[in-house]
Amino acid sequence: MISIVKSKSFGLAAAMTLICSVAGIFIAKLPYVNLIGALVIALLLGISLQVLPVGVREEAAPGIGFISNKFLRLGIILLGFRLNLTKLADAGIKTILVAMLGVSGTIVLTYWLSKKFGAEDELAVLSACGCGICGAAAVMGVSPQIESRDEERKRENEVLAVAVVCVMGTVFTLLEIVIKPMLGLTDSQFGIVAGGSLHEIAHAIAAGSAFGEASLDSALIMKLSRVLLLAPVALIIGYWYQRRLVKESVQDHTQAPKKLPIPWFLGGFILTSILGTFLPFPPVVLDGLVQAAYVFLGMAMAALGISVNFSVIFKRGGTVFGAAAISSTCLMIFMIIMSKLFF
């Protein structure tokens, strides 16, 4: 009887989130809407499902929890097929080095400013990683590495961090397109700026494609160089965060020290990157795997939207939006300088 109930809950949750995810993918292909991105659209559609009767949402709740957790990891693993390591190697070590500097500097600056402005620690970390690496996917990839005693609060922080990178990324996409003629950059250099400073992959594609193939190619290479850093950043943050919790638990004797987390699903992300790069997959197969990644990630984002208490988010948004605006400006200036000096 229990298994039947669980199966029914999962089936209902899967249907709800799959509709949001697929709809997000199609809606994101529309002009101008593509600046938002499929994952954020799926999140917003999930939030809209909160108008459903309480009984329906309660029945789907166990399945929603499973999808937001397991499907997230599966989506990130499949997303690795998008990362062509050969293209990154061909772009040269300078691309990776600039990405490392930009990502690390943005994460540190966003986190420090968020804390200065009064944001709680978990929210500051998630927003910093979203701004520094690859938007919503980075927020959701790093979040499992942060242990929380309040899961509802954690979901609120995830949604707020995703909202931050969505708004900031969209604003800076439009800003960079507008100011490009004033910067004296070649199309390829502008692609470096877009890929190195904009938050979502969708933002980098939208800005890069506005100035031709050379700009788009450079934007994708630079952006994927940042995506490559998701795994090591998540591991470092998990280690740092858990070390703090272990030290606190030992000091107050409330619980035994816990093992440091190992993000096995990010190991899967690296493995699929290697497989996609060096095995002779037909392009149509790779495209299908990447599309499947976005379906699963969209379902996880929709599940997050269904379960979050959105009204609380508006009360705590100012602390990280201000920090993200400052750090995003600094990142854009840094990438403009780097593109002129090294590209």
# chains A, B, ... in the order shown; residues from 1 in each chain; ligands from 1
>>> residues_around(residues="Arg73 in chain A", least_positions_apart="3", cutoff="12 Å", atoms="only C-alpha atoms", output="ChimeraX atom specification")
/A:66-70,76-80,137-138,140-145,263-269,293-294,296-301
>>> residues_around(residues="range 93-110 of chain A", least_positions_apart="3", cutoff="6 Å", atoms="only C-alpha atoms", output="list in words")
Leu113, Ser114, Ala128, Cys129, Gly132, Ile133, Ser225, Arg226, Ala323, Ala324 and Ser327 of chain A
>>> residues_around(residues="range 54-60 of chain A", least_positions_apart="4", cutoff="10 Å", atoms="only C-alpha atoms", output="tab-separated table (two decimals) with N, CA, C and O atoms, in the first residue's frame")
chain	number	residue	atom	x	y	z
A	5	VAL	N	1.16	4.33	-2.83
A	5	VAL	CA	1.02	5.75	-2.52
A	5	VAL	C	2.23	6.52	-3.01
A	5	VAL	O	2.12	7.60	-3.61
A	6	LYS	N	3.44	5.95	-2.77
A	6	LYS	CA	4.66	6.61	-3.23
A	6	LYS	C	4.69	6.71	-4.74
A	6	LYS	O	5.11	7.73	-5.30
A	7	SER	N	4.28	5.65	-5.43
A	7	SER	CA	4.28	5.66	-6.89
A	7	SER	C	3.31	6.71	-7.42
A	7	SER	O	3.61	7.41	-8.39
A	8	LYS	N	2.16	6.82	-6.78
A	8	LYS	CA	1.17	7.81	-7.19
A	8	LYS	C	1.70	9.22	-6.97
A	8	LYS	O	1.54	10.10	-7.82
A	9	SER	N	2.38	9.43	-5.83
A	9	SER	CA	2.94	10.74	-5.53
A	9	SER	C	4.02	11.10	-6.55
A	9	SER	O	4.05	12.22	-7.06
A	10	PHE	N	4.89	10.14	-6.86
A	10	PHE	CA	5.96	10.41	-7.81
A	10	PHE	C	5.39	10.66	-9.20
A	10	PHE	O	5.85	11.55	-9.92
A	11	GLY	N	4.38	9.88	-9.59
A	11	GLY	CA	3.78	10.07	-10.91
A	11	GLY	C	3.15	11.44	-11.06
A	11	GLY	O	3.32	12.10	-12.10
A	12	LEU	N	2.46	11.88	-10.02
A	12	LEU	CA	1.83	13.21	-10.06
A	12	LEU	C	2.89	14.29	-10.10
A	12	LEU	O	2.81	15.24	-10.90
A	13	ALA	N	3.91	14.16	-9.25
A	13	ALA	CA	4.99	15.16	-9.22
A	13	ALA	C	5.75	15.18	-10.55
A	13	ALA	O	6.09	16.26	-11.05
A	14	ALA	N	6.02	14.00	-11.12
A	14	ALA	CA	6.74	13.93	-12.38
A	14	ALA	C	5.96	14.60	-13.50
A	14	ALA	O	6.52	15.32	-14.33
A	15	ALA	N	4.65	14.37	-13.53
A	15	ALA	CA	3.81	14.98	-14.57
A	15	ALA	C	3.81	16.50	-14.44
A	15	ALA	O	3.96	17.22	-15.44
A	16	MET	N	3.66	17.00	-13.22
A	16	MET	CA	3.62	18.45	-12.99
A	16	MET	C	4.94	19.11	-13.39
A	16	MET	O	4.95	20.12	-14.10
A	49	LEU	N	2.28	26.88	-10.12
A	49	LEU	CA	1.47	25.72	-9.74
A	49	LEU	C	1.06	25.75	-8.28
A	49	LEU	O	0.31	24.88	-7.83
A	50	GLN	N	1.54	26.73	-7.54
A	50	GLN	CA	1.09	26.86	-6.16
A	50	GLN	C	-0.38	27.26	-6.06
A	50	GLN	O	-0.96	27.23	-4.98
A	64	ILE	N	7.83	15.38	-5.18
A	64	ILE	CA	8.50	16.66	-5.44
A	64	ILE	C	9.87	16.68	-4.78
A	64	ILE	O	10.87	17.13	-5.38
A	65	GLY	N	9.95	16.20	-3.55
A	65	GLY	CA	11.23	16.16	-2.84
A	65	GLY	C	12.24	15.26	-3.55
A	65	GLY	O	13.42	15.61	-3.66
A	303	ALA	N	10.16	21.69	-9.39
A	303	ALA	CA	9.88	21.12	-8.07
A	303	ALA	C	10.23	22.12	-6.97
A	303	ALA	O	9.50	22.26	-5.97
A	306	ILE	N	7.51	24.78	-6.85
A	306	ILE	CA	6.24	24.31	-6.29
A	306	ILE	C	6.26	24.36	-4.77
A	306	ILE	O	5.25	24.66	-4.13
A	307	SER	N	7.42	24.08	-4.19
A	307	SER	CA	7.49	23.90	-2.74
A	307	SER	C	7.94	25.14	-1.97
A	307	SER	O	7.88	25.15	-0.74
>>> atom_distance(atom1="CA of Val320 in chain A", atom2="CA of Lys29 in chain A")
28.9 Å
>>> atom_distance(atom1="CA of Met182 in chain A", atom2="CA of Cys131 in chain A")
24.7 Å
>>> residues_around(residues="range 336-339 of chain A", least_positions_apart="4", cutoff="12 Å", atoms="only C-alpha atoms", output="ChimeraX atom specification")
/A:94-95,97-99,101-102,176,179-180,182-197,218-219,222,329-332,343
>>> atom_distance(atom1="CA of Ser48 in chain A", atom2="CA of Asn157 in chain A")
18.2 Å
>>> closest_residue(among="A:Gly322, A:Gly317, A:Pro282, A:Gly276", to="Leu123 in chain A", atoms="only C-alpha atoms")
A:Gly317
>>> closest_residue(among="A:Ile333, A:Arg316, A:Pro232, A:Ile177", to="Arg153 in chain A", atoms="only C-alpha atoms")
A:Arg316
>>> closest_residue(among="A:Leu220, A:Ala119, A:Ile25, A:Leu174", to="Ala204 in chain A", atoms="only C-alpha atoms")
A:Leu220
